Each structure stands twice: as C-alpha cells, then as structure tokens.
>>> print(open('input.cif').read())   # mmCIF, C-alpha atoms and all ligand atoms
data_work
#
loop_
_atom_site.label_atom_id
_atom_site.label_comp_id
_atom_site.auth_asym_id
_atom_site.auth_seq_id
_atom_site.Cartn_x
_atom_site.Cartn_y
_atom_site.Cartn_z
CA MET A 14 -39.86 21.89 -27.18
CA LYS A 15 -38.19 21.22 -30.48
CA SER A 16 -40.74 18.84 -31.86
CA GLN A 17 -40.69 18.18 -35.58
CA GLY A 18 -43.40 16.79 -37.76
CA GLY A 19 -43.27 13.06 -38.19
CA TRP A 20 -42.91 13.40 -41.94
CA ARG A 21 -39.88 15.59 -41.53
CA THR A 22 -38.17 13.07 -39.30
CA PHE A 23 -39.02 10.39 -41.83
CA VAL A 24 -37.48 12.34 -44.69
CA VAL A 25 -34.35 13.18 -42.71
CA LEU A 26 -33.87 9.55 -41.74
CA GLY A 27 -34.34 8.55 -45.35
CA ALA A 28 -31.65 10.97 -46.46
CA VAL A 29 -29.27 9.71 -43.79
CA VAL A 30 -29.83 6.09 -44.74
CA LEU A 31 -29.36 6.81 -48.40
CA GLY A 32 -26.34 8.99 -47.69
CA ALA A 33 -24.48 5.88 -46.54
CA VAL A 34 -24.41 4.39 -50.03
CA ALA A 35 -23.08 5.73 -53.32
CA PRO A 36 -25.47 8.33 -54.75
CA VAL A 37 -27.54 7.05 -57.65
CA GLY A 38 -28.43 9.68 -60.25
CA PRO A 39 -31.69 9.60 -62.13
CA ALA A 40 -29.90 8.54 -65.30
CA THR A 41 -28.59 5.34 -63.75
CA ALA A 42 -31.48 4.52 -61.44
CA ASP A 43 -33.79 1.63 -62.30
CA ARG A 44 -36.19 3.37 -64.68
CA SER A 45 -38.70 0.52 -64.55
CA VAL A 46 -39.09 1.18 -60.85
CA GLN A 47 -38.86 4.98 -61.07
CA ARG A 48 -41.51 5.43 -63.77
CA GLY A 49 -44.62 7.17 -62.51
CA LEU A 50 -42.86 9.73 -60.35
CA THR A 51 -44.38 13.21 -60.37
CA LEU A 52 -42.81 16.58 -59.57
CA ALA A 53 -44.59 19.84 -58.82
CA THR A 54 -44.18 22.96 -56.71
CA ASP A 55 -46.68 25.12 -54.86
CA THR A 56 -45.52 28.26 -56.67
CA ALA A 57 -44.60 29.16 -60.24
CA GLN A 58 -41.70 31.41 -59.20
CA VAL A 59 -39.65 32.14 -56.08
CA ALA A 60 -38.67 35.70 -55.13
CA VAL A 61 -35.50 35.95 -53.04
CA THR A 62 -33.98 38.90 -51.17
CA PRO A 63 -30.19 38.58 -50.69
CA ALA A 64 -30.16 38.71 -46.88
CA PRO A 65 -29.67 36.15 -44.10
CA CYS A 66 -32.84 34.18 -43.36
CA SER A 67 -34.85 35.82 -46.14
CA LYS A 68 -37.31 32.92 -45.66
CA ALA A 69 -37.92 32.54 -49.38
CA GLY A 70 -38.73 29.09 -50.61
CA PHE A 71 -41.27 26.70 -51.99
CA GLU A 72 -42.95 23.39 -51.32
CA LEU A 73 -41.77 20.47 -53.40
CA ARG A 74 -44.51 17.94 -54.18
CA PHE A 75 -42.90 14.63 -54.95
CA GLY A 76 -45.39 11.94 -55.90
CA ASN A 77 -45.85 8.42 -57.18
CA SER A 78 -48.66 8.00 -59.71
CA GLY A 79 -47.73 4.37 -60.32
CA LYS A 80 -49.34 1.21 -58.97
CA THR A 81 -46.39 0.01 -56.96
CA ALA A 82 -44.48 1.56 -54.08
CA VAL A 83 -41.03 2.95 -54.87
CA TYR A 84 -38.07 4.27 -52.97
CA ALA A 85 -37.19 7.36 -54.99
CA ASP A 86 -34.82 10.32 -55.12
CA ALA A 87 -35.43 13.90 -56.21
CA PHE A 88 -32.31 15.94 -56.98
CA LEU A 89 -32.31 19.74 -56.67
CA THR A 90 -29.71 22.13 -58.10
CA ALA A 91 -29.75 25.92 -58.04
CA GLY A 92 -27.93 28.43 -60.23
CA THR A 93 -24.79 29.87 -58.56
CA PRO A 94 -24.68 31.51 -56.04
CA LEU A 95 -28.12 30.46 -54.77
CA THR A 96 -28.26 27.87 -52.01
CA LEU A 97 -31.01 25.38 -51.16
CA SER A 98 -31.86 23.85 -47.80
CA ARG A 99 -31.90 20.44 -49.51
CA LYS A 100 -30.21 19.07 -52.60
CA LEU A 101 -31.66 15.58 -52.24
CA VAL A 102 -35.04 14.32 -51.15
CA SER A 103 -35.15 10.55 -50.72
CA SER A 104 -38.36 8.87 -49.73
CA TYR A 105 -40.46 5.75 -49.81
CA LEU A 106 -43.49 6.63 -51.93
CA PRO A 107 -46.55 4.36 -51.73
CA PRO A 108 -48.82 4.27 -54.84
CA GLY A 109 -50.81 7.47 -55.20
CA TYR A 110 -48.87 9.22 -52.47
CA THR A 111 -47.43 12.75 -52.74
CA LEU A 112 -44.74 13.89 -50.31
CA LYS A 113 -44.68 17.61 -49.53
CA VAL A 114 -41.28 19.01 -48.56
CA PRO A 115 -40.52 22.68 -47.74
CA ILE A 116 -37.34 23.89 -49.47
CA SER A 117 -35.77 27.22 -48.52
CA VAL A 118 -33.86 29.26 -51.09
CA ASN A 119 -31.18 31.74 -50.11
CA ALA A 120 -29.03 34.22 -52.01
CA PRO A 121 -25.87 35.54 -50.33
CA ARG A 122 -25.46 39.24 -49.74
CA GLY A 123 -24.26 40.94 -52.90
CA THR A 124 -25.89 38.49 -55.32
CA ALA A 125 -26.58 40.32 -58.58
CA PRO A 126 -30.30 41.01 -58.97
CA GLY A 127 -31.92 39.11 -61.83
CA SER A 128 -33.30 35.81 -63.02
CA TYR A 129 -32.00 32.44 -61.81
CA SER A 130 -33.47 28.97 -61.77
CA ILE A 131 -33.70 25.73 -59.83
CA GLU A 132 -33.63 22.38 -61.63
CA ILE A 133 -35.40 19.42 -60.03
CA THR A 134 -35.13 15.89 -61.43
CA ALA A 135 -36.59 12.56 -60.37
CA GLY A 136 -36.67 9.45 -62.54
CA ASP A 137 -37.60 10.63 -66.02
CA GLN A 138 -39.17 13.82 -64.68
CA LYS A 139 -37.57 17.26 -64.84
CA LEU A 140 -38.89 20.58 -63.57
CA THR A 141 -37.43 24.10 -63.80
CA LEU A 142 -38.49 26.65 -61.20
CA PRO A 143 -37.65 30.32 -61.98
CA VAL A 144 -36.10 32.41 -59.20
CA GLN A 145 -36.09 36.20 -59.15
CA VAL A 146 -33.40 37.80 -56.97
CA GLY A 147 -34.05 41.34 -55.76
CA GLU A 148 -31.77 44.14 -54.60
CA SER A 149 -29.62 43.62 -51.50
CA PRO A 150 -31.34 45.47 -48.64
CA THR A 151 -29.60 48.13 -46.58
CA GLY A 152 -30.47 49.01 -43.02
CA THR A 153 -32.14 52.29 -42.09
CA THR A 154 -32.54 51.74 -38.34
CA GLY A 155 -28.88 52.05 -37.37
CA ASN A 156 -28.78 48.38 -36.38
CA LEU A 157 -25.36 47.28 -37.66
CA ALA A 158 -26.14 43.56 -37.24
CA ARG A 159 -29.05 43.52 -39.66
CA TYR A 160 -28.28 42.07 -43.12
CA VAL A 161 -24.61 41.32 -42.45
CA PRO A 162 -23.12 37.81 -42.40
CA VAL A 163 -23.85 35.85 -39.23
CA SER A 164 -22.28 32.66 -37.92
CA ALA A 165 -22.41 30.55 -34.78
CA SER A 166 -20.44 27.86 -32.96
CA SER A 167 -23.29 25.48 -33.86
CA GLU A 168 -26.91 25.65 -35.03
CA HIS A 169 -29.91 23.54 -34.09
CA LEU A 170 -31.22 23.07 -37.62
CA PRO A 171 -33.56 23.36 -39.37
CA VAL A 172 -35.71 25.38 -36.98
CA TYR A 173 -33.15 27.48 -35.05
CA PRO A 174 -30.54 28.86 -37.50
CA ALA A 175 -28.07 31.61 -36.59
CA CYS A 176 -29.59 33.90 -39.21
CA GLY A 177 -32.84 33.88 -37.22
CA ALA A 178 -31.10 36.07 -34.67
CA VAL A 179 -30.55 38.88 -37.22
CA ASP A 180 -33.77 38.64 -39.23
CA GLY A 181 -35.36 41.75 -37.71
CA ASP A 182 -37.95 39.76 -35.72
CA ARG A 183 -37.61 40.24 -31.93
CA ASP A 184 -40.85 38.47 -31.05
CA SER A 185 -40.25 35.39 -28.91
CA GLU A 186 -43.75 34.11 -29.68
CA HIS A 187 -42.32 33.32 -33.15
CA TRP A 188 -39.54 31.24 -31.60
CA ALA A 189 -40.35 28.02 -33.47
CA LYS A 190 -40.59 29.81 -36.84
CA THR A 191 -36.83 30.13 -37.56
CA THR A 192 -36.59 33.54 -35.94
CA GLY A 193 -34.15 32.60 -33.22
CA TRP A 194 -30.81 30.92 -32.76
CA ASN A 195 -30.44 27.83 -30.58
CA ASP A 196 -27.08 26.07 -30.40
CA ALA A 197 -26.73 22.35 -31.06
CA THR A 198 -24.41 21.38 -28.21
CA ARG A 199 -26.74 20.78 -25.29
CA GLY A 200 -25.11 21.18 -21.92
CA ASN A 201 -21.84 22.58 -23.27
CA PHE A 202 -20.89 26.21 -22.77
CA PRO A 203 -19.63 28.54 -24.04
CA ASP A 204 -21.37 28.90 -27.40
CA TRP A 205 -21.06 31.94 -29.60
CA LEU A 206 -23.05 33.93 -32.14
CA GLN A 207 -21.20 36.41 -34.35
CA VAL A 208 -21.98 39.16 -36.86
CA THR A 209 -19.25 40.35 -39.23
CA PHE A 210 -19.31 43.85 -40.70
CA ASP A 211 -18.39 44.77 -44.27
CA GLN A 212 -16.05 47.45 -42.92
CA PRO A 213 -14.96 48.53 -39.41
CA GLN A 214 -17.83 50.11 -37.48
CA SER A 215 -18.00 52.16 -34.31
CA VAL A 216 -20.01 50.07 -31.83
CA GLY A 217 -21.09 51.32 -28.41
CA ARG A 218 -24.25 49.35 -27.66
CA VAL A 219 -25.41 45.77 -28.12
CA ASP A 220 -29.02 44.70 -27.51
CA LEU A 221 -29.67 41.03 -26.89
CA TYR A 222 -33.18 39.59 -27.02
CA THR A 223 -33.17 36.15 -25.46
CA LEU A 224 -36.06 33.70 -25.48
CA ASP A 225 -38.92 35.25 -23.49
CA SER A 226 -42.33 33.96 -24.54
CA LYS A 227 -45.42 33.16 -22.47
CA GLN A 228 -44.56 29.49 -22.67
CA TYR A 229 -40.81 29.96 -22.24
CA PRO A 230 -40.14 33.02 -20.04
CA ALA A 231 -36.61 34.42 -19.95
CA ALA A 232 -36.24 33.81 -16.22
CA ALA A 233 -36.66 30.08 -16.87
CA TYR A 234 -35.33 29.54 -20.42
CA GLY A 235 -33.40 32.65 -21.48
CA LEU A 236 -29.71 33.41 -21.42
CA LYS A 237 -28.39 34.17 -17.95
CA ASP A 238 -24.68 34.94 -18.36
CA TRP A 239 -22.74 36.12 -21.41
CA ASP A 240 -19.86 38.30 -22.57
CA VAL A 241 -20.24 40.86 -25.33
CA GLN A 242 -17.07 40.83 -27.41
CA ALA A 243 -15.85 43.06 -30.22
CA LYS A 244 -13.10 42.27 -32.71
CA VAL A 245 -10.76 45.26 -32.60
CA GLY A 246 -7.53 45.29 -34.59
CA GLY A 247 -7.91 41.57 -35.25
CA SER A 248 -8.32 40.59 -31.59
CA TRP A 249 -11.41 39.85 -29.52
CA GLN A 250 -12.05 42.20 -26.63
CA THR A 251 -14.72 41.75 -23.98
CA VAL A 252 -16.58 45.07 -23.92
CA ALA A 253 -19.42 44.09 -21.57
CA GLU A 254 -20.24 41.28 -19.16
CA VAL A 255 -23.80 40.32 -18.36
CA ARG A 256 -24.44 38.13 -15.32
CA GLY A 257 -27.68 36.92 -13.76
CA ASN A 258 -29.95 38.20 -16.53
CA ALA A 259 -33.63 37.26 -16.22
CA ALA A 260 -35.14 39.69 -18.76
CA GLY A 261 -36.11 39.25 -22.40
CA LEU A 262 -34.05 42.28 -23.47
CA LYS A 263 -30.66 43.23 -22.09
CA SER A 264 -28.99 46.32 -23.52
CA SER A 265 -25.24 46.63 -22.94
CA THR A 266 -23.59 50.02 -23.44
CA PHE A 267 -19.86 50.59 -23.39
CA THR A 268 -17.20 53.01 -24.56
CA PRO A 269 -17.44 52.79 -28.36
CA VAL A 270 -14.85 50.65 -30.14
CA THR A 271 -14.06 50.38 -33.84
CA ALA A 272 -14.86 46.74 -34.58
CA THR A 273 -14.94 44.44 -37.60
CA ALA A 274 -17.20 41.93 -35.81
CA VAL A 275 -19.27 41.50 -32.66
CA ARG A 276 -20.04 38.25 -30.91
CA ILE A 277 -21.92 36.99 -27.90
CA LEU A 278 -20.03 34.42 -25.88
CA THR A 279 -22.73 32.54 -23.95
CA LEU A 280 -21.84 31.20 -20.52
CA ALA A 281 -25.07 29.99 -18.88
CA SER A 282 -28.81 29.62 -19.36
CA ASN A 283 -31.51 30.11 -16.75
CA GLU A 284 -32.61 26.59 -17.62
CA GLY A 285 -29.32 25.22 -16.37
CA LEU A 286 -27.07 23.05 -18.50
CA THR A 287 -29.10 23.08 -21.70
CA TYR A 288 -29.03 25.55 -24.59
CA SER A 289 -28.12 29.08 -25.64
CA ARG A 290 -31.11 30.91 -27.10
CA ILE A 291 -31.06 34.32 -28.82
CA VAL A 292 -34.14 35.69 -30.57
CA GLU A 293 -32.43 38.82 -31.92
CA LEU A 294 -29.02 40.47 -31.71
CA GLU A 295 -28.62 44.16 -32.54
CA ALA A 296 -25.57 46.42 -32.52
CA TYR A 297 -25.51 50.22 -32.60
CA GLY A 298 -22.99 53.04 -32.65
CA THR A 299 -24.22 54.43 -29.37
CA CA A 301 -35.11 37.03 -34.84
CA CA A 302 -23.89 24.59 -26.19
#
>>> encode(input="input.cif", output="structure tokens")
Amino acid sequence: MKSQGGWRTFVVLGAVVLGAVAPVGPATADRSVQRGLTLATDTAQVAVTPAPCSKAGFELRFGNSGKTAVYADAFLTAGTPLTLSRKLVSSYLPPGYTLKVPISVNAPRGTAPGSYSIEITAGDQKLTLPVQVGESPTGTTGNLARYVPVSASSEHLPVYPACGAVDGDRDSEHWAKTTGWNDATRGNFPDWLQVTFDQPQSVGRVDLYTLDSKQYPAAAYGLKDWDVQAKVGGSWQTVAEVRGNAAGLKSSTFTPVTATAVRILTLASNEGLTYSRIVELEAYGT
C-alpha cells in the first residue's frame, strides 16, 4: 500500500549509489560530459507558509539536451532557514530526456516573512528560484496541536511524515498524499508521535484520527491500542489509555493537566504486527 512511482525509486537509488562516493561539485565535474544539461522549474516563484507540512514546493525539470547520455547531478541550496526535501538529484539522463522531480520547501515556525531564494546548479547551468515566506499562522479552532513542532520515533518518508498528522486534514481518503503519519519500524511497537507547545498549555482532551478509509478501514488497519501521555513538570504522565479501538476517531478526555508536550505512545495496530498510522492528532483544553 505504499507504492512509489518507478521514477522515484530510480532517483532514490541513484542518490544512494552516488552517496557512497565523494561528492563531485559542478565546478570539478567533467564539463565535456556535463555540457547540454538543462534546468527549469514548473513555477516562477514558491510561496511558503511557516507551518509543519505546508506542502509548498515545485517541480524540478532536469534535462539533457545533448546527443549522448550522461550521469549528472543537480545541487539545490536554500537561503537559511528554509529547508528542501532534496539537496541533490543524481540521475542517468539519456539524450533528449527531462527528469521531473518534486521538491518540497519548508520554513520553520517563526521564520521572518519576506523574500528568500533557492539556487540550483548542474554542470554549467545555474537557476535561481524566488521564495516568498508568509506570516506564521495561528490557530483559531482551539486545537493546540495545529502549527506547533511535531516529531516522531520514526517516519515512513517521503509519503507519511509526522507533520501530516498535524496538517489540519482529517480525511483518511487523502492518506497517500502526505496527510498522515506512518512509522518506519514495521512490526516494532511502541512508536510515538509528539507535539511540543511553545508554552505550557492546559490539556484535557486529545482526539486521534487513525487510518479509516474505504480501502483501509480502521477496524482492519487503524490503531488499536495506545497511551495518551502529557509532559508535566518535565516528566511524561499517561493521562488516558485506549484499548481495542476499531473506530476512525477516538476522543480521550481526562482531568486537565498543564503540559509542555503531548504524545501518543502506540502499542498495537488492528492489522497486527505492522505499522502505526495516525491521520490527525488534535489536543484541546477541554
Ligand atoms: Ca492529517
Ligand atoms: Ca513501529
């Protein structure tokens, strides 16, 4: 259920293979071989909101206009503090071929609004892509988990990042569109997913949306057992225990605690010894 396009697998393998040798910058690469490379993007500017999983990005079009096949590198750098899903794209490029690679662009919470840029180089080609960073969003729904830093014991990347579980999208039908978290340690429990608040917050309710789509119903693929934990005075406390869940949404209410972080400690899936899957995690005062 985590199929990836063949091209993506190809690119990833290429990066892994190349990662085993010393990196070769465009200035020292064999220019006679690297001539004819082309760089383009599908957009003239990228707009980024400083929030987890803002889903901003662009498509890099990396081509070979020459008459011979090349094995080429494109290097990507972004102005601090922006981050890119890839800093290197390495690929075999047949003559006349253009590789299309999605690149996501993220700005951490608190990034100053304004103009930034991404530099892309390959062979003798260089391209600058402007980035416009907007204001950091603030929540209006009372959901304390929205827009705050999120982390996990592991992430099944690139399709199931931890930030997908706090992106505001509860719809399991979007599961394969980076709107849910899936751990990367199949068969091993527990896993955990955590949100960290900017300042201590009173928390009395945690809503967990586990995978529950037509194709993957919660009773067969969703989380079954987990603990809801709150970090109070520097220590983790279990504030609720959920056992035998078979629903897409489980709301846990408890006596409010003043917490600096909340995490879900996953213990079992309805699928058995496979994965932990959370589509959305929300925390409220009551
Ligand atoms: Ca989500
Ligand atoms: Ca695991």
>>> residues_around(input="input.cif", residues="region 240-246 of chain A", least_positions_apart="3", cutoff="10 Å", atoms="only C-alpha atoms", output="PyMOL selection string")
chain A and resi 203+205+207-209+213-214+216-221+249-256+265-267+270-280
>>> residues_near_ligand(input="input.cif", ligand="ligand CA 301 (chain A)", cutoff="9 Å", atoms="only C-alpha atoms and all ligand atoms", output="list in words")
Cys176, Gly177, Ala178, Val179, Asp180, Gly181, Asp182, Arg183, Asp184, Ser185, His187, Trp188, Thr191, Thr192, Gly193, Trp194, Tyr222, Ile291, Val292, Glu293 and Leu294 of chain A
>>> residues_near_ligand(input="input.cif", ligand="ligand CA 302 (chain A)", cutoff="6 Å", atoms="all atoms listed in the file", output="VMD selection string")
chain A and resid 196 198 to 202 204 288
>>> closest_residue(input="input.cif", among="A:Gly136, A:Gly257, A:Pro230, A:Gly147", to="Leu52 (chain A)", atoms="only C-alpha atoms")
A:Gly136
>>> closest_residue(input="input.cif", among="A:His169, A:Lys100, A:Arg122, A:Lys227", to="Val146 (chain A)", atoms="only C-alpha atoms")
A:Arg122
>>> closest_residue(input="input.cif", among="A:Thr299, A:Ser164, A:Ser149, A:Thr141", to="Ser215 (chain A)", atoms="all atoms listed in the file")
A:Thr299
>>> residues_near_point(input="input.cif", point="(-46.9, 9.6, -54.4)", cutoff="6 Å", atoms="only C-alpha atoms", output="ChimeraX atom specification")
/A:76-78,106-111
>>> atom_distance(input="input.cif", atom1="CA of Leu73 (chain A)", atom2="CA of Pro121 (chain A)")
22.1 Å
